[in-house]
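S.K.: Contents of protein-v1.pdb (PDB, C-alpha atoms) are given next:
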ATOM      1  CA  MET A1178     -38.471-273.209 109.912
ATOM      2  CA  PHE A1179     -37.148-276.718 110.149
ATOM      3  CA  ASP A1180     -36.042-279.523 107.858
ATOM      4  CA  ASP A1181     -34.690-282.336 109.999
ATOM      5  CA  VAL A1182     -35.799-284.887 112.576
ATOM      6  CA  LEU A1183     -33.551-283.187 115.145
ATOM      7  CA  ASP A1184     -35.668-280.051 114.793
ATOM      8  CA  LEU A1185     -38.994-281.673 115.736
ATOM      9  CA  SER A1186     -38.669-281.113 119.489
ATOM     10  CA  ILE A1187     -38.016-277.373 119.130
ATOM     11  CA  ALA A1188     -40.640-277.025 116.397
ATOM     12  CA  LYS A1189     -43.262-277.971 119.023
ATOM     13  CA  GLU A1190     -42.409-274.734 120.834
ATOM     14  CA  CYS A1191     -42.852-272.462 117.797
ATOM     15  CA  GLY A1192     -45.945-270.413 117.105
ATOM     16  CA  ILE A1193     -45.870-271.138 113.374
ATOM     17  CA  ARG A1194     -44.105-274.318 112.292
ATOM     18  CA  ILE A1195     -42.809-274.218 108.723
ATOM     19  CA  PHE A1196     -41.330-277.444 107.414
ATOM     20  CA  ILE A1197     -38.938-277.456 104.464
ATOM     21  CA  PRO A1198     -39.039-280.929 102.914
ATOM     22  CA  ARG A1199     -36.001-282.579 101.369
ATOM     23  CA  LYS A1200     -36.097-285.122  98.553
ATOM     24  CA  ALA A1201     -33.708-287.336 100.502
ATOM     25  CA  ASN A1202     -36.097-287.442 103.489
ATOM     26  CA  SER A1203     -39.330-288.714 101.962
ATOM     27  CA  LEU A1204     -40.120-290.803 105.060
ATOM     28  CA  LEU A1205     -39.621-287.798 107.349
ATOM     29  CA  ASN A1206     -41.665-285.608 105.002
ATOM     30  CA  ASN A1207     -44.540-288.099 105.216
ATOM     31  CA  TYR A1208     -44.164-288.428 109.002
ATOM     32  CA  VAL A1209     -44.382-284.659 109.520
ATOM     33  CA  ALA A1210     -47.466-284.416 107.296
ATOM     34  CA  LYS A1211     -49.218-287.482 108.764
ATOM     35  CA  ASN A1212     -48.682-286.323 112.348
ATOM     36  CA  LYS A1213     -49.503-282.668 111.590
ATOM     37  CA  LEU A1214     -46.178-281.467 112.976
ATOM     38  CA  ALA A1215     -46.065-278.436 110.672
ATOM     39  CA  ASP A1216     -48.501-275.632 110.037
ATOM     40  CA  TYR A1217     -47.081-275.153 106.550
ATOM     41  CA  MET A1218     -44.911-277.350 104.343
ATOM     42  CA  THR A1219     -43.079-275.457 101.628
ATOM     43  CA  GLY A1220     -43.498-276.465  98.010
ATOM     44  CA  SER A1221     -39.840-275.616  97.521
ATOM     45  CA  SER A1222     -37.117-277.863  98.859
ATOM     46  CA  SER A1223     -33.943-276.911 100.693
ATOM     47  CA  GLY A1224     -31.679-274.780  98.549
ATOM     48  CA  ASN A1225     -34.479-273.961  96.092
ATOM     49  CA  TYR A1226     -35.959-270.747  97.493
ATOM     50  CA  ALA A1227     -37.720-272.434 100.425
ATOM     51  CA  VAL A1228     -36.607-269.704 102.847
ATOM     52  CA  ARG A1229     -38.005-267.042 100.524
ATOM     53  CA  GLU A1230     -41.286-268.963 100.281
ATOM     54  CA  ALA A1231     -41.467-269.308 104.070
ATOM     55  CA  SER A1232     -40.688-265.600 104.524
ATOM     56  CA  GLU A1233     -43.503-264.645 102.168
ATOM     57  CA  VAL A1234     -45.894-266.955 104.022
ATOM     58  CA  LEU A1235     -44.949-265.280 107.313
ATOM     59  CA  MET A1236     -45.442-261.833 105.784
ATOM     60  CA  CYS A1237     -48.932-262.951 104.704
ATOM     61  CA  CYS A1238     -49.686-264.252 108.203
ATOM     62  CA  TYR A1239     -48.870-260.823 109.597
ATOM     63  CA  GLY A1240     -50.733-258.973 106.825
ATOM     64  CA  LEU A1241     -47.540-257.418 105.453
ATOM     65  CA  PHE A1242     -47.079-259.115 102.078
ATOM     66  CA  ASP A1243     -48.916-256.551  99.921
ATOM     67  CA  GLN A1244     -47.179-253.680 101.683
ATOM     68  CA  ALA A1245     -43.751-255.284 101.184
ATOM     69  CA  VAL A1246     -44.377-255.852  97.477
ATOM     70  CA  GLU A1247     -45.641-252.298  96.977
ATOM     71  CA  GLN A1248     -42.607-250.858  98.782
ATOM     72  CA  ARG A1249     -40.257-252.963  96.672
ATOM     73  CA  VAL A1250     -41.946-251.982  93.410
ATOM     74  CA  ASN A1251     -41.689-248.313  94.395
ATOM     75  CA  TYR A1252     -38.040-248.640  95.571
ATOM     76  CA  SER A1253     -39.100-247.436  99.007
ATOM     77  CA  GLU A1254     -36.377-246.665 101.557
ATOM     78  CA  ASN A1255     -38.460-248.652 104.095
ATOM     79  CA  TYR A1256     -38.101-251.849 102.102
TER      80      TYR A1256
END
Any chance you could give the structure as C-alpha coordinates?
M.R.:
Amino acid sequence: MFDDVLDLSIAKECGIRIFIPRKANSLLNNYVAKNKLADYMTGSSSGNYAVREASEVLMCCYGLFDQAVEQRVNYSENY
(Lines of atoms letter the chains of each structure in order from A and count residues from 1; the text may use other names and numbers.)
(Lines give C-alpha, C1' and ligand atoms only; values in the text may rest on other atoms or scores of the structure.)
Protein backbone atom coordinates (compact mmCIF):
# COMPACT_ATOMS: atom_id res chain seq x y z
CA MET A 1 0.00 0.00 0.00
CA PHE A 2 1.25 3.46 -0.76
CA ASP A 3 0.00 7.03 -0.71
CA ASP A 4 2.89 9.32 -1.57
CA VAL A 5 5.21 10.18 -4.44
CA LEU A 6 8.15 8.89 -2.37
CA ASP A 7 6.56 5.44 -2.42
CA LEU A 8 6.41 5.09 -6.22
CA SER A 9 9.88 3.57 -6.62
CA ILE A 10 9.23 0.80 -4.08
CA ALA A 11 5.69 0.25 -5.37
CA LYS A 12 7.25 -0.91 -8.67
CA GLU A 13 8.74 -3.86 -6.78
CA CYS A 14 5.45 -5.01 -5.21
CA GLY A 15 3.34 -7.85 -6.53
CA ILE A 16 0.07 -6.02 -5.90
CA ARG A 17 0.23 -2.23 -5.80
CA ILE A 18 -2.56 -0.63 -3.78
CA PHE A 19 -2.71 3.15 -3.88
CA ILE A 20 -4.51 5.12 -1.17
CA PRO A 21 -5.44 8.51 -2.64
CA ARG A 22 -5.46 11.69 -0.59
CA LYS A 23 -7.68 14.70 -1.26
CA ALA A 24 -4.66 16.98 -0.92
CA ASN A 25 -2.82 15.10 -3.69
CA SER A 26 -5.23 15.27 -6.61
CA LEU A 27 -2.38 15.72 -9.11
CA LEU A 28 -0.56 12.67 -7.74
CA ASN A 29 -3.80 10.68 -7.71
CA ASN A 30 -4.31 11.49 -11.40
CA TYR A 31 -0.66 10.73 -12.22
CA VAL A 32 -0.84 7.28 -10.60
CA ALA A 33 -4.07 6.46 -12.45
CA LYS A 34 -2.92 7.84 -15.83
CA ASN A 35 0.38 5.95 -15.70
CA LYS A 36 -1.17 2.75 -14.32
CA LEU A 37 1.16 2.72 -11.32
CA ALA A 38 -1.36 0.93 -9.10
CA ASP A 39 -3.29 -2.28 -9.51
CA TYR A 40 -6.01 -0.98 -7.22
CA MET A 41 -6.88 2.51 -6.00
CA THR A 42 -8.96 2.55 -2.84
CA GLY A 43 -12.27 4.37 -2.78
CA SER A 44 -11.47 5.38 0.78
CA SER A 45 -8.89 8.02 1.53
CA SER A 46 -6.16 7.99 4.16
CA GLY A 47 -7.60 7.84 7.65
CA ASN A 48 -11.02 6.72 6.39
CA TYR A 49 -10.78 2.93 6.46
CA ALA A 50 -8.51 2.67 3.41
CA VAL A 51 -6.29 0.07 5.11
CA ARG A 52 -9.34 -2.05 5.91
CA GLU A 53 -10.51 -1.75 2.29
CA ALA A 54 -7.06 -2.73 1.01
CA SER A 55 -6.91 -5.68 3.43
CA GLU A 56 -10.27 -6.95 2.20
CA VAL A 57 -9.12 -6.61 -1.42
CA LEU A 58 -6.02 -8.66 -0.62
CA MET A 59 -8.12 -11.31 1.12
CA CYS A 60 -10.25 -11.51 -2.04
CA CYS A 61 -7.14 -11.84 -4.21
CA TYR A 62 -6.08 -14.84 -2.14
CA GLY A 63 -9.59 -16.32 -2.03
CA LEU A 64 -9.88 -15.84 1.74
CA PHE A 65 -12.54 -13.13 2.10
CA ASP A 66 -15.59 -15.41 2.45
CA GLN A 67 -13.76 -17.65 4.90
CA ALA A 68 -12.69 -14.67 7.02
CA VAL A 69 -16.23 -13.28 7.15
CA GLU A 70 -17.70 -16.67 8.05
CA GLN A 71 -15.13 -17.16 10.83
CA ARG A 72 -15.85 -13.71 12.22
CA VAL A 73 -19.62 -14.23 12.16
CA ASN A 74 -19.18 -17.53 13.99
CA TYR A 75 -16.68 -16.07 16.52
CA SER A 76 -14.12 -18.63 15.40
CA GLU A 77 -10.89 -18.92 17.39
CA ASN A 78 -9.05 -18.94 14.02
CA TYR A 79 -10.25 -15.44 13.18
S.K.: Kindly extract all protein, DNA and RNA residues lying within 12 Å of the coordinates (-38.3, -281.2, 116.1) given in the file, considering only C-alpha atoms, and supply them as a ChimeraX atom specification.
M.R.: /A:1178-1191,1194-1196,1205,1208-1209,1214-1215
S.K.: Give the answer as one residue: which of A:Ser1203, A:Ser1232, A:Asn1255, A:Gln1244 has the shortest atom-to-atom distance to Thr1219 (chain A), using all atoms listed in the file?
M.R.: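 Under the stated criterion, the closest residue is A:Ser1232.
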S.K.: So what does the PyMOL selection byres ((chain A and resi 1228) around 12) actually pick up in this one, as a PyMOL selection string?
M.R.: chain A and resi 1178-1180+1195-1198+1218-1227+1229-1235
S.K.: I'd like the interatomic distance between CA of Asp1216 (chain A) and CA of Cys1238 (chain A), to a tenth of an Å.
M.R.: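 Those two atoms sit 11.6 Å apart.
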S.K.: Need the axis-aligned box for region 1242-1253 of chain A with 6 Å each side, so what are the centre and edges in Å to one decimal, as lines of an AutoDock Vina configuration file?
M.R.:
center_x = -43.5
center_y = -253.3
center_z = 97.7
size_x = 22.9
size_y = 23.7
size_z = 20.7
S.K.: What's the separation between CA of Lys1200 (chain A) and CA of Cys1237 (chain A), in Å to one decimal place?
M.R.: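 CA of Lys1200 (chain A) sits 26.3 Å away from CA of Cys1237 (chain A).
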S.K.: What does the distance from CA of Ile1193 (chain A) to CA of Asn1207 (chain A) come to in Å, to one decimal?
M.R.: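 CA of Asn1207 (chain A) lies at a distance of 18.9 Å from CA of Ile1193 (chain A).
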